[in-house]
>>> print(open('coords-v6.cif').read())   # mmCIF, C-alpha atoms
data_input
loop_
_atom_site.label_atom_id
_atom_site.label_comp_id
_atom_site.auth_asym_id
_atom_site.auth_seq_id
_atom_site.Cartn_x
_atom_site.Cartn_y
_atom_site.Cartn_z
CA MET S 1 90.08 80.69 115.78
CA LEU S 2 93.22 81.30 113.85
CA ASN S 3 93.04 84.44 111.82
CA PRO S 4 95.41 84.16 108.87
CA PHE S 5 95.41 87.91 108.46
CA ALA S 6 96.85 88.29 111.94
CA LEU S 7 100.05 86.62 110.76
CA PRO S 8 102.78 88.61 109.05
CA VAL S 9 102.64 87.30 105.50
CA HIS S 10 105.01 89.65 103.73
CA PRO S 11 108.11 88.90 105.85
CA ALA S 12 107.55 85.20 105.28
CA ILE S 13 107.62 85.23 101.48
CA VAL S 14 109.65 88.30 100.54
CA HIS S 15 112.82 86.19 100.68
CA PHE S 16 111.94 84.44 97.42
CA PRO S 17 112.19 87.40 95.08
CA ILE S 18 115.11 88.79 97.08
CA ALA S 19 117.09 85.60 96.59
CA MET S 20 116.06 84.99 93.00
CA LEU S 21 116.61 88.52 91.77
CA SER S 22 119.92 88.82 93.59
CA ALA S 23 121.10 85.54 92.09
CA GLY S 24 119.95 86.68 88.68
CA TRP S 25 121.96 89.86 89.00
CA VAL S 26 125.08 87.95 90.03
CA CYS S 27 124.70 85.58 87.09
CA LEU S 28 124.24 88.56 84.80
CA LEU S 29 127.53 90.05 85.95
CA LEU S 30 129.25 86.69 85.53
CA ARG S 31 127.90 86.47 82.01
CA TYR S 32 129.60 89.71 81.10
CA ALA S 33 132.68 89.13 83.18
CA THR S 34 133.43 85.67 81.80
CA GLY S 35 131.74 85.87 78.41
CA ASP S 36 130.15 82.47 79.01
CA GLN S 37 126.61 82.50 77.63
CA ARG S 38 125.50 79.80 80.06
CA TRP S 39 125.41 82.43 82.77
CA ASP S 40 122.94 84.35 80.66
CA GLY S 41 120.50 81.46 80.71
CA ARG S 42 120.87 81.04 84.45
CA SER S 43 120.36 84.73 84.97
CA ARG S 44 117.16 84.67 82.98
CA LEU S 45 115.87 81.69 84.90
CA PHE S 46 116.50 83.27 88.29
CA GLU S 47 115.00 86.53 87.15
CA VAL S 48 111.78 85.06 85.84
CA VAL S 49 111.17 83.22 89.11
CA GLY S 50 111.81 86.40 91.06
CA VAL S 51 109.57 88.52 88.85
CA VAL S 52 106.73 86.00 89.07
CA ALA S 53 106.94 86.09 92.88
CA LEU S 54 106.82 89.89 93.04
CA PRO S 55 103.03 90.35 92.76
CA LEU S 56 102.44 87.86 95.55
CA VAL S 57 104.88 89.68 97.80
CA ILE S 58 103.31 93.06 97.04
CA VAL S 59 99.84 91.77 97.83
CA ALA S 60 101.15 90.22 101.03
CA GLY S 61 102.57 93.58 102.03
CA PHE S 62 99.19 95.23 101.72
CA ILE S 63 97.62 92.41 103.67
CA ASP S 64 100.00 93.11 106.55
CA THR S 65 99.20 96.81 106.46
CA ARG S 66 95.50 95.98 106.59
CA GLY S 67 94.88 97.56 103.23
CA ILE S 68 95.90 100.87 101.74
CA GLY S 69 94.44 103.00 104.50
CA PHE S 70 97.87 104.15 105.58
CA LEU S 71 98.26 105.78 102.14
CA LEU S 72 95.36 108.11 102.75
CA GLU S 73 97.41 110.08 105.24
CA PRO S 74 100.95 108.94 104.51
CA ARG S 75 103.52 109.52 107.20
CA THR S 76 106.68 110.58 105.47
CA ASP S 77 108.50 110.69 108.81
CA ALA S 78 108.18 106.93 109.22
CA PRO S 79 110.02 104.29 107.17
CA LEU S 80 106.94 102.39 106.04
CA ILE S 81 105.98 104.59 103.11
CA TRP S 82 109.58 104.71 101.91
CA HIS S 83 109.96 100.96 102.22
CA MET S 84 106.87 100.53 100.09
CA THR S 85 108.13 103.03 97.53
CA ALA S 86 111.53 101.39 97.28
CA GLY S 87 109.91 97.99 96.92
CA LEU S 88 107.58 99.08 94.17
CA VAL S 89 110.38 100.85 92.28
CA THR S 90 112.49 97.70 92.57
CA ALA S 91 109.65 95.56 91.31
CA GLY S 92 109.14 97.89 88.37
CA ALA S 93 112.83 97.93 87.50
CA PHE S 94 113.24 94.17 87.53
CA THR S 95 110.01 93.63 85.65
CA ALA S 96 111.06 96.10 82.97
CA HIS S 97 114.47 94.45 82.81
CA TYR S 98 112.94 91.04 82.39
CA LEU S 99 110.55 92.17 79.66
CA TRP S 100 113.30 94.00 77.84
CA ARG S 101 115.70 91.07 77.93
CA ARG S 102 113.26 88.40 76.85
CA ARG S 103 112.99 90.10 73.48
CA ARG S 104 116.70 89.83 72.88
CA SER S 105 118.99 86.87 72.64
CA ALA S 106 122.22 86.69 74.54
CA ALA S 107 124.20 87.43 71.42
CA GLU S 108 122.38 90.70 70.88
CA LEU S 109 123.36 92.07 74.28
CA SER S 110 126.61 93.83 73.62
CA GLY S 111 127.87 97.36 73.43
CA SER S 112 125.34 99.93 74.52
CA ARG S 113 122.76 97.22 75.10
CA ALA S 114 125.09 95.56 77.55
CA VAL S 115 125.44 98.82 79.42
CA GLY S 116 121.69 99.23 79.58
CA ASP S 117 121.26 95.61 80.60
CA VAL S 118 123.64 95.89 83.51
CA ALA S 119 122.53 99.40 84.48
CA LEU S 120 118.87 98.49 84.78
CA ALA S 121 119.59 95.35 86.75
CA THR S 122 122.00 97.20 89.03
CA PHE S 123 119.42 99.92 89.62
CA GLY S 124 117.01 97.19 90.68
CA MET S 125 119.61 95.73 93.03
CA ILE S 126 120.18 99.08 94.70
CA GLY S 127 116.44 99.45 95.10
CA LEU S 128 116.34 96.00 96.63
CA LEU S 129 119.00 97.02 99.10
CA ALA S 130 117.09 100.19 99.97
CA ALA S 131 113.85 98.30 100.55
CA GLY S 132 115.66 95.76 102.71
CA LEU S 133 117.38 98.38 104.84
CA LEU S 134 114.17 100.28 105.41
CA GLY S 135 112.38 97.07 106.21
CA SER S 136 114.99 96.24 108.83
CA GLU S 137 114.52 99.67 110.37
CA MET S 138 110.81 98.97 110.64
CA VAL S 139 111.41 95.72 112.49
CA PHE S 140 114.60 96.28 114.44
CA GLY S 141 114.91 100.03 114.49
CA THR S 142 113.19 102.75 116.49
CA MET R 1 81.53 120.82 157.08
CA LEU R 2 83.54 117.70 157.81
CA ALA R 3 81.13 115.64 155.77
CA ALA R 4 81.49 118.07 152.89
CA LEU R 5 85.23 117.69 153.16
CA ALA R 6 85.06 113.91 153.18
CA ILE R 7 83.16 113.59 149.92
CA VAL R 8 85.39 115.94 147.90
CA PRO R 9 87.47 113.60 145.72
CA ALA R 10 90.21 116.14 145.07
CA ALA R 11 91.61 115.48 148.49
CA VAL R 12 93.01 112.14 147.38
CA ALA R 13 92.87 112.62 143.64
CA GLU R 14 96.02 112.34 141.66
CA THR R 15 97.42 112.09 138.17
CA ARG R 16 98.31 108.54 137.31
CA PRO R 17 101.01 107.91 134.72
CA ALA R 18 100.44 105.53 131.85
CA SER R 19 102.50 104.59 128.82
CA ILE R 20 101.54 104.19 125.20
CA GLY R 21 103.61 101.85 123.07
CA ASN R 22 103.33 99.46 120.15
CA TYR R 23 100.63 98.37 120.63
CA TYR R 24 99.51 98.70 124.21
CA PHE R 25 98.50 100.94 127.07
CA GLU R 26 100.33 100.28 130.29
CA ASP R 27 99.68 101.39 133.84
CA GLU R 28 103.17 102.45 134.83
CA ARG R 29 102.64 101.72 138.50
CA THR R 30 101.47 98.17 138.12
CA GLY R 31 102.87 97.26 134.71
CA ASP R 32 99.43 96.03 133.77
CA ARG R 33 98.70 96.26 130.07
CA THR R 34 95.15 95.00 130.29
CA LYS R 35 93.63 97.67 132.49
CA ILE R 36 94.24 101.02 134.12
CA VAL R 37 92.53 101.38 137.46
CA VAL R 38 92.00 104.84 138.87
CA ARG R 39 89.87 106.42 141.51
CA GLN R 40 87.06 108.82 140.94
CA GLY R 41 88.49 112.27 140.42
CA ASP R 42 91.87 111.09 139.22
CA GLN R 43 93.43 112.06 135.94
CA VAL R 44 95.55 109.84 133.74
CA ALA R 45 98.60 111.10 131.88
CA PHE R 46 99.37 108.99 128.82
CA THR R 47 102.92 109.34 127.51
CA VAL R 48 103.87 108.02 124.08
CA ARG R 49 106.98 105.89 124.54
CA GLU R 50 107.05 104.19 121.17
CA ASP R 51 106.00 105.59 117.85
CA SER R 52 104.16 103.51 115.30
CA ILE R 53 105.26 103.24 111.68
CA PHE R 54 101.65 103.34 110.61
CA ALA R 55 99.43 106.00 112.13
CA ARG R 56 100.10 107.95 115.28
CA HIS R 57 98.74 106.78 118.59
CA THR R 58 95.59 108.21 120.10
CA VAL R 59 93.72 107.88 123.38
CA ASP R 60 90.02 107.29 123.01
CA VAL R 61 87.27 106.48 125.47
CA ASP R 62 83.96 106.91 123.72
CA GLU R 63 81.75 106.74 126.79
CA LEU R 64 83.70 109.51 128.48
CA GLU R 65 84.05 111.52 125.28
CA ILE R 66 87.82 111.43 125.51
CA HIS R 67 89.58 111.75 122.17
CA SER R 68 93.14 112.94 122.26
CA GLY R 69 93.88 113.18 118.56
CA ASP R 70 97.23 112.18 117.08
CA LEU R 71 100.03 112.02 119.61
CA LEU R 72 103.69 112.33 118.75
CA LEU R 73 106.50 110.38 120.34
CA GLY R 74 107.34 112.02 123.65
CA GLN R 75 104.02 113.77 124.07
CA THR R 76 101.76 113.35 127.05
CA TYR R 77 98.00 113.49 126.92
CA THR R 78 96.31 114.18 130.24
CA THR R 79 92.65 113.33 130.56
CA PRO R 80 90.11 115.47 132.32
CA GLN R 81 89.20 114.44 135.82
CA LEU R 82 87.49 111.08 135.65
CA ASN R 83 84.40 111.47 137.80
CA ARG R 84 82.17 108.84 136.28
CA VAL R 85 82.52 105.48 137.95
CA GLY R 86 82.58 102.45 135.70
CA ASN R 87 84.52 100.15 133.42
CA PHE R 88 85.22 101.73 130.07
CA LEU R 89 86.91 100.67 126.88
CA LEU R 90 90.18 102.48 126.25
CA TYR R 91 91.59 102.16 122.76
CA CYS R 92 93.87 103.67 120.17
CA ASP R 93 91.75 104.46 117.14
CA PRO R 94 94.13 103.58 114.27
CA HIS R 95 95.59 100.54 116.09
CA ARG R 96 92.46 99.07 117.50
CA GLU R 97 92.61 96.13 115.12
CA ARG R 98 96.16 95.46 116.24
CA GLY R 99 94.94 94.97 119.77
CA GLN R 100 95.77 98.30 121.29
CA VAL R 101 92.87 98.25 123.71
CA ALA R 102 92.58 98.18 127.48
CA ARG R 103 90.03 98.77 130.17
CA LEU R 104 89.84 102.05 132.04
CA ILE R 105 88.30 101.25 135.41
CA ILE R 106 87.20 104.17 137.53
CA GLN R 107 86.47 103.19 141.09
CA ALA R 108 84.34 105.19 143.42
CA ALA R 109 86.18 107.53 145.73
CA PRO R 110 86.17 106.75 149.45
CA THR R 111 83.00 108.06 151.08
CA ALA R 112 82.41 109.64 154.55
CA ALA R 113 81.24 106.27 155.94
CA THR R 114 84.74 104.92 155.69
CA PRO R 115 87.39 106.12 158.11
CA ALA R 116 88.97 108.27 155.47
CA PRO R 117 91.84 110.49 156.47
CA ALA R 118 90.26 113.53 154.86
CA VAL R 119 88.58 114.71 158.05
CA THR R 120 90.92 117.58 158.47
CA ALA R 121 91.37 120.50 156.21
CA ALA R 122 95.01 119.60 155.60
CA PRO R 123 96.18 119.32 152.00
CA ALA R 124 96.53 115.97 150.29
CA PRO R 125 99.32 113.86 151.74
CA ALA R 126 102.69 113.60 150.00
CA ALA R 127 101.85 110.11 148.72
CA ALA R 128 100.16 111.70 145.74
CA PRO R 129 102.99 112.20 143.22
CA GLY R 130 101.06 114.27 140.73
CA PRO R 131 102.86 117.23 139.28
CA GLN R 132 100.30 119.71 140.55
CA VAL R 133 98.31 118.55 143.47
CA ALA R 134 95.51 120.89 144.37
CA THR R 135 95.02 121.51 148.02
CA ALA R 136 91.71 120.52 149.54
CA VAL R 137 90.32 123.89 150.44
CA PRO R 138 87.07 123.48 152.31
CA SER R 139 84.24 125.30 150.65
CA ALA R 140 80.65 125.59 151.52
CA THR R 141 79.54 125.63 147.90
CA PRO R 142 79.82 122.39 145.87
CA THR R 143 81.79 123.90 143.02
CA ALA R 144 83.81 121.87 140.47
CA THR R 145 87.11 120.68 141.87
CA PRO R 146 90.18 122.13 140.22
CA THR R 147 92.05 119.90 137.81
CA LEU R 148 95.26 118.42 139.07
CA ALA R 149 97.16 118.73 135.84
CA PRO R 150 96.57 120.61 132.61
CA VAL R 151 94.19 118.71 130.40
CA GLY R 152 95.31 117.98 126.88
CA VAL R 153 98.54 117.37 125.05
CA THR R 154 101.87 118.51 126.43
CA THR R 155 105.45 117.54 125.92
CA ALA R 156 106.56 114.96 128.41
CA SER R 157 109.25 116.01 130.81
CA PRO R 158 112.65 114.33 130.52
CA GLU R 159 111.99 112.64 133.84
CA ASP R 160 108.79 111.14 132.53
CA LEU R 161 110.48 109.88 129.40
CA ALA R 162 113.39 108.50 131.39
CA ARG R 163 111.16 106.26 133.45
CA PRO R 164 111.84 102.67 132.39
CA VAL R 165 109.06 100.80 130.70
CA ALA R 166 108.69 97.11 131.38
CA VAL R 167 109.68 95.03 128.38
CA ASP R 168 107.25 92.45 127.16
CA PRO R 169 109.16 89.15 127.39
CA ASP R 170 107.48 87.94 124.19
CA SER R 171 108.44 90.98 122.19
CA LEU R 172 111.49 91.22 119.97
CA GLU R 173 113.15 93.29 122.67
CA GLY R 174 112.41 90.75 125.31
CA LEU R 175 113.51 87.78 123.21
CA THR R 176 116.76 89.28 122.01
CA GLY R 177 117.59 91.21 125.14
CA ARG R 178 118.38 94.13 122.90
CA ALA R 179 117.03 97.55 123.62
CA ARG R 180 115.50 99.42 120.77
CA SER R 181 117.82 101.75 118.97
CA THR R 182 117.67 105.44 119.66
CA GLN R 183 119.08 106.31 116.26
CA PRO R 184 116.66 107.65 113.67
CA TRP R 185 115.60 105.33 110.91
CA THR R 186 117.08 107.66 108.31
CA ARG R 187 120.46 106.13 109.06
CA ALA R 188 119.35 103.50 106.53
CA VAL R 189 120.05 106.07 103.82
CA TRP R 190 123.70 106.17 104.81
CA PHE R 191 123.86 102.39 104.89
CA LEU R 192 122.35 102.40 101.40
CA VAL R 193 125.01 104.76 100.09
CA ILE R 194 127.71 102.59 101.58
CA GLY R 195 126.15 99.37 100.34
CA ALA R 196 125.54 100.69 96.84
CA VAL R 197 129.24 101.31 96.26
CA PRO R 198 130.29 97.64 95.94
CA ILE R 199 127.22 96.91 93.83
CA VAL R 200 128.08 99.62 91.34
CA VAL R 201 131.78 98.71 91.40
CA LEU R 202 131.05 95.07 90.61
CA ALA R 203 128.74 96.04 87.77
CA GLY R 204 131.35 98.37 86.38
CA LEU R 205 134.03 95.71 86.54
CA ALA R 206 131.85 93.23 84.68
CA LEU R 207 131.15 95.71 81.93
CA ARG R 208 134.78 96.66 81.76
CA ARG R 209 135.74 93.07 81.10
CA GLU R 210 133.04 92.77 78.49
CA PHE R 211 134.31 95.80 76.63
CA ALA R 212 137.89 94.66 76.97
CA ARG R 213 136.97 91.35 75.45
CA ALA R 214 135.10 93.03 72.65
CA ALA R 215 138.06 95.31 71.98
CA ALA R 216 140.48 92.38 71.97
CA ALA R 217 138.32 90.59 69.46
CA GLY R 218 138.62 93.66 67.28
CA PRO R 219 136.89 94.28 63.94
CA ALA R 220 137.39 90.64 62.93
CA ARG R 221 134.35 89.70 64.92
CA GLY R 222 132.07 91.25 62.31
CA SER R 223 129.08 90.61 64.51
CA SER R 224 127.78 91.47 67.89
CA ARG R 225 128.58 88.04 69.29
CA SER R 226 130.81 87.76 72.29
CA SER R 227 133.91 85.62 72.48
CA GLY R 228 131.93 83.02 74.29
CA ASP R 229 129.82 82.53 71.23
CA ARG R 230 132.96 82.29 69.14
CA ARG R 231 134.38 79.65 71.39
CA ARG R 232 131.16 77.70 71.24
CA SER R 233 130.81 78.01 67.49
CA SER R 234 134.44 77.17 66.95
CA SER R 235 134.10 74.14 69.18
CA ARG R 236 131.21 72.99 67.12
CA SER R 237 132.81 73.66 63.78
CA PRO R 238 135.35 70.78 63.86
CA ARG R 239 132.55 68.36 64.53
CA SER R 240 130.34 69.75 61.83
CA SER R 241 133.19 69.89 59.35
CA ALA R 242 134.10 66.32 60.22
CA ARG R 243 130.56 65.28 59.61
CA LYS R 244 130.58 66.93 56.24
CA ALA R 245 133.89 65.37 55.36
CA SER R 246 132.62 61.90 56.22
CA GLY R 247 130.05 62.26 53.56
CA SER R 248 127.48 60.51 55.60
CA GLY R 249 124.86 62.04 53.48
CA ARG R 250 123.00 63.16 56.46
CA THR R 251 122.59 66.52 58.08
CA SER R 252 123.54 67.19 61.62
CA ARG R 253 120.04 66.17 62.63
CA GLY R 254 120.31 62.87 60.98
CA ARG R 255 118.18 63.75 58.00
CA ARG R 256 119.11 62.68 54.54
CA ARG R 257 120.51 65.44 52.41
#
>>> encode(input="coords-v6.cif", output="structure tokens")
Amino acid sequence: MLNPFALPVHPAIVHFPIAMLSAGWVCLLLRYATGDQRWDGRSRLFEVVGVVALPLVIVAGFIDTRGIGFLLEPRTDAPLIWHMTAGLVTAGAFTAHYLWRRRRSAAELSGSRAVGDVALATFGMIGLLAAGLLGSEMVFGT
Amino acid sequence: MLAALAIVPAAVAETRPASIGNYYFEDERTGDRTKIVVRQGDQVAFTVREDSIFARHTVDVDELEIHSGDLLLGQTYTTPQLNRVGNFLLYCDPHRERGQVARLIIQAAPTAATPAPAVTAAPAPAAAPGPQVATAVPSATPTATPTLAPVGVTTASPEDLARPVAVDPDSLEGLTGRARSTQPWTRAVWFLVIGAVPIVVLAGLALRREFARAAAAGPARGSSRSSGDRRRSSSRSPRSSARKASGSGRTSRGRRR
């Protein structure tokens, strides 16, 4: 009998928020680099899809780890706990960025707000890169 | 006396090597990952060849009361002499659900009825490759046979670690033909530092252009709108002004004024 929990779920669906949030970040930079507000709308669209997919991906990760038992005695010498940490920080950063932006129109994002806009999104991107690198070490590394 | 010699299992007992990986136990002599077959009186030395990212590997056989505890990569756990004949479940406690189970089969040692070579008082033959092979000293008293190797956890010798482990053809290693890296996973931190540089540079360049545009617009902007907004509003203004000039009497949404 096929056991769905024997299949790796997280690697199968994590690509959605990675792609959407990365595309949203690129569109955000294009918005500021070109000044064209249409990129702002595209950025918001990509970001909302990525943020909506994040809870599913997080749950899938804990399905693959067979629960949170590995957190009871966390192994800091293995990449798993750090991959999880980076992923959760990334999810928090992009979620905060999305919630912060949806309260402001494109025209309001200038000056110091523009710096904060780009900084928070860039922090999320770096976290995304960290989670991806640690995930690759888990699969392809030692 | 000869009969007493023949039934002492230490004469042919040995320490059999086994590997622990993700997620299997493997008899290193046969490459079998489903069972480890030993003879009565043998010991088994389990060497951790691959470390798990979850919990550390263990060696557990409940019926024989064998529980190694957590084993680090490169450590070897040697069981006590296995004197109880039978077929026992061998498993790794934290990875049992991942299928890290095997059978530990202990076969009876050759008895005096069989033409066993242990009729002389000579030590065990050289075919036994255990690190410390006890010599079969004839004794009139049936005392416990000495262990062949120290029981418990030790650090595997470089020779033990250098022994090649058969690659599962269905594993990632087997499919890609690529051996697992020997570099520590913390190299990902260096890759992150390198990869973060272009990300930060691109973000900085985008902001720089935004501020340059805002500076070029100068104080005449009077609002926080970007030049893009100005272009859009200016593109709309000729249309709206034309509509007003036509005196259509309607608003831009077609409603009567």
>>> closest_atom_pairs(input="coords-v6.cif", of="segment 97-136 of chain S", to="segment 52-74 of chain S", cutoff="12 Å", atoms="all atoms listed in the file", output="tab-separated table")
residue	atom	partner	partner_atom	distance
S:Tyr98	CA	S:Val52	CA	10.4
S:Leu99	CA	S:Val52	CA	11.9
S:Leu128	CA	S:Leu54	CA	11.9
S:Gly135	CA	S:Gly61	CA	11.2
>>> write_last_selection(input="coords-v6.cif", atoms="C-alpha atoms", output="PDB file, keeping the file's coordinate frame")
ATOM      1  CA  TYR S  98     112.940  91.040  82.390  1.00  0.00           C
ATOM      2  CA  LEU S  99     110.550  92.170  79.660  1.00  0.00           C
ATOM      3  CA  LEU S 128     116.340  96.000  96.630  1.00  0.00           C
ATOM      4  CA  GLY S 135     112.380  97.070 106.210  1.00  0.00           C
TER       5      GLY S 135
END
>>> atom_distance(input="coords-v6.cif", atom1="atom CA of Gly99 of chain R", atom2="atom CA of Tyr24 of chain R")
7.4 Å
>>> closest_residue(input="coords-v6.cif", among="R:Ala216, R:Val193, R:Leu64, R:Leu72", to="Asn87 of chain R", atoms="all atoms listed in the file")
R:Leu64
>>> atom_distance(input="coords-v6.cif", atom1="atom CA of Glu173 of chain R", atom2="atom CA of Trp185 of chain R")
17.0 Å
>>> closest_atom_pairs(input="coords-v6.cif", of="chain S", to="chain R", cutoff="7 Å", atoms="all atoms listed in the file", output="Markdown table")
| residue | atom | partner | partner_atom | distance |
| --- | --- | --- | --- | --- |
| S:Leu29 | CA | R:Ala206 | CA | 5.5 |
| S:Tyr32 | CA | R:Glu210 | CA | 5.3 |
| S:Ala33 | CA | R:Ala206 | CA | 4.4 |
| S:Gly35 | CA | R:Gly228 | CA | 5.0 |
| S:Asp36 | CA | R:Gly228 | CA | 5.1 |
| S:Gln37 | CA | R:Gly228 | CA | 6.3 |
| S:Phe70 | CA | R:Phe54 | CA | 6.3 |
| S:Ala78 | CA | R:Ile53 | CA | 5.3 |
| S:Pro79 | CA | R:Ile53 | CA | 6.6 |
| S:Leu80 | CA | R:Ile53 | CA | 5.9 |
| S:Ala107 | CA | R:Arg225 | CA | 4.9 |
| S:Glu108 | CA | R:Ser224 | CA | 6.2 |
| S:Ser110 | CA | R:Ser224 | CA | 6.3 |
| S:Val115 | CA | R:Leu207 | CA | 7.0 |
| S:Val118 | CA | R:Ala203 | CA | 6.6 |
| S:Thr122 | CA | R:Val200 | CA | 6.9 |
| S:Ile126 | CA | R:Ala196 | CA | 6.0 |
| S:Leu129 | CA | R:Leu192 | CA | 6.7 |
| S:Ala130 | CA | R:Leu192 | CA | 5.9 |
| S:Leu133 | CA | R:Ala188 | CA | 5.7 |
| S:Leu134 | CA | R:Ala188 | CA | 6.2 |
| S:Glu137 | CA | R:Trp185 | CA | 5.8 |
| S:Gly141 | CA | R:Ser181 | CA | 5.6 |
| S:Thr142 | CA | R:Ser181 | CA | 5.3 |
>>> resolve_selection(input="coords-v6.cif", expression="the PyMOL selection byres ((chain S and resi 40-43) around 10)", output="number ranges by chain")
S: 20-32, 35-39, 44-48, 105-107
>>> residues_around(input="coords-v6.cif", residues="Pro17 of chain R", least_positions_apart="2", cutoff="9 Å", atoms="all atoms listed in the file", output="PyMOL selection string")
chain R and resi 15+19+26-29+43-47+130+160
>>> closest_residue(input="coords-v6.cif", among="R:Thr155, R:His67, R:Phe88, R:Leu148", to="Ala102 of chain R", atoms="only C-alpha atoms")
R:Phe88
>>> atom_distance(input="coords-v6.cif", atom1="atom CA of Glu63 of chain R", atom2="atom CA of Ala109 of chain R")
19.5 Å
>>> closest_residue(input="coords-v6.cif", among="R:Leu89, R:Val48, R:His95, R:Arg39", to="Asp62 of chain R", atoms="only C-alpha atoms")
R:Leu89
>>> residues_near_point(input="coords-v6.cif", point="(81.2, 105.7, 136.4)", cutoff="8 Å", atoms="only C-alpha atoms", output="list in words")
Asn83, Arg84, Val85, Gly86, Asn87, Ile106, Gln107 and Ala108 of chain R
>>> closest_residue(input="coords-v6.cif", among="S:Val51, S:Ala12, S:Leu109, S:Val139", to="Thr90 of chain S", atoms="all atoms listed in the file")
S:Val51
>>> resolve_selection(input="coords-v6.cif", expression="the PyMOL selection byres ((chain R and resi 77) around 8)", output="list of chain:residue names")
R:Ala45, R:Phe46, R:Thr47, R:Val59, R:Ser68, R:Leu71, R:Gln75, R:Thr76, R:Thr78, R:Thr79, R:Val151, R:Gly152, R:Val153, R:Thr154
>>> write_last_selection(input="coords-v6.cif", atoms="C-alpha atoms", output="compact mmCIF listing (two decimals), in the coordinates of the input")
# COMPACT_ATOMS: atom_id res chain seq x y z
CA ALA R 45 98.60 111.10 131.88
CA PHE R 46 99.37 108.99 128.82
CA THR R 47 102.92 109.34 127.51
CA VAL R 59 93.72 107.88 123.38
CA SER R 68 93.14 112.94 122.26
CA LEU R 71 100.03 112.02 119.61
CA GLN R 75 104.02 113.77 124.07
CA THR R 76 101.76 113.35 127.05
CA THR R 78 96.31 114.18 130.24
CA THR R 79 92.65 113.33 130.56
CA VAL R 151 94.19 118.71 130.40
CA GLY R 152 95.31 117.98 126.88
CA VAL R 153 98.54 117.37 125.05
CA THR R 154 101.87 118.51 126.43
>>> residues_around(input="coords-v6.cif", residues="Leu82 of chain R", least_positions_apart="5", cutoff="7 Å", atoms="only C-alpha atoms", output="PyMOL selection string")
chain R and resi 40-43
>>> residues_around(input="coords-v6.cif", residues="Cys92 of chain R", least_positions_apart="3", cutoff="8 Å", atoms="only C-alpha atoms", output="list in words")
His57, Thr58, Val59, Asp60, His95, Arg96, Gln100 and Val101 of chain R
